[in-house]
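S.K.: Below you'll find the structure I mean.
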Amino acid sequence: MSNVAEKISGGCLCGEVRFKVPVSPTIQTLCFCSDCQKISGSSSYCAYLIPLDQLVLIKGLPLSFTVKSDAGRNNCRKFCGNCGSRLWAELEFGLASVNGMAFDEKRFFNPTHNHRLENAPDWCRVDKELETLS
């Protein structure tokens, strides 16, 4: 088990916004919902979920845009106002869905679950060995 005090650093493409998150997430999932597909420009989004109060902003101030997900929940999307990089979403139930590909070291994102597989494109190769969340 990793030390809870350890942190992962990440940030946007231009370096204007930087953050740190704990090494031990609540869950790591590939989200295939239509909102995550649109925001990521891919078949799924690399969601590294942590309690929102454990996300530490260390540089800059992201902009935000609140959207109602296709599941009916409000998601406050945080992104860099300079380069547009998607950084995290603040979810209604007190979690931050951090973009695992915004980490300086991508090895820290290791998905354990698939979410909203019914939205996965037909051409998408899905890792069936991951647990499925509904």
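Here's how to read the names in the structure tokens: chain A, B, ... by the order shown, residue numbers from 1 in each chain, ligand numbers from 1 in the order shown.
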Quick one: residues within 6 Å of Leu87 in chain A, only C-alpha atoms counted, chain neighbours fewer than 2 positions away excluded, as a PyMOL selection string?

M.R.: chain A and resi 78-79+99

S.K.: Against range 39-55 of chain A, which residues of range 63-134 of chain A fall within 6 Å? For each one I want the closest pair of atoms and the distance in Å (one decimal), counting only C-alpha atoms, rows by chain and increasing residue number, as a tab-separated table.

M.R.:
```
residue	atom	partner	partner_atom	distance
A:Gly94	CA	A:Leu52	CA	5.6
A:Leu95	CA	A:Pro51	CA	4.5
A:Ala96	CA	A:Leu52	CA	4.7
A:Ser97	CA	A:Leu49	CA	4.6
A:Val98	CA	A:Tyr48	CA	5.0
A:Asn99	CA	A:Ala47	CA	5.6
A:Gly100	CA	A:Cys46	CA	5.2
```

S.K.: Could you dump the residues just selected with C-alpha atoms as a compact mmCIF listing (two decimals), in the first residue's frame?

M.R.:
```
# COMPACT_ATOMS: atom_id res chain seq x y z
CA GLY A 94 -17.94 15.34 -3.56
CA LEU A 95 -15.52 13.64 -5.94
CA ALA A 96 -13.08 15.03 -8.45
CA SER A 97 -12.78 13.12 -11.72
CA VAL A 98 -9.20 13.96 -12.61
CA ASN A 99 -7.94 13.50 -16.16
CA GLY A 100 -5.45 10.63 -15.79
```

S.K.: Return as CSV the residues of range 52-104 of chain A lying at most 12 Å from range 114-117 of chain A, together with the closest atom-to-atom pair for each and the distance in Å to one decimal, counting only C-alpha atoms, with rows in chain order and ascending residue number.

M.R.:
```
residue,atom,partner,partner_atom,distance
A:Ser69,CA,A:Arg116,CA,12.0
A:Asp70,CA,A:Arg116,CA,10.4
A:Ala71,CA,A:Arg116,CA,9.9
```

S.K.: If you measure from CA of Glu105 in chain A to CA of Trp88 in chain A, what distance in Å do you get, rounded to one decimal?

M.R.: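 That distance, rounded to one decimal, is 16.3 Å.
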
S.K.: Applying 8 Å and only C-alpha atoms, which residues near Val17 in chain A remain after dropping the ones on its own chain fewer than 3 positions away? List them as a list of chain:residue names.

M.R.: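 The filter keeps A:Gly11, A:Cys12, A:Cys14, A:Leu57, A:Ile58, A:Lys59, A:Gly60, A:Leu61, A:Pro62, A:Cys80.
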
S.K.: Write out as a list in words each polymer residue whose atoms come within 7 Å of Pro111 in chain A, counting only C-alpha atoms; drop sequence neighbours fewer than 6 positions from it.

M.R.: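 What passes the distance filter is Gln28, Thr29 and Leu30 of chain A.
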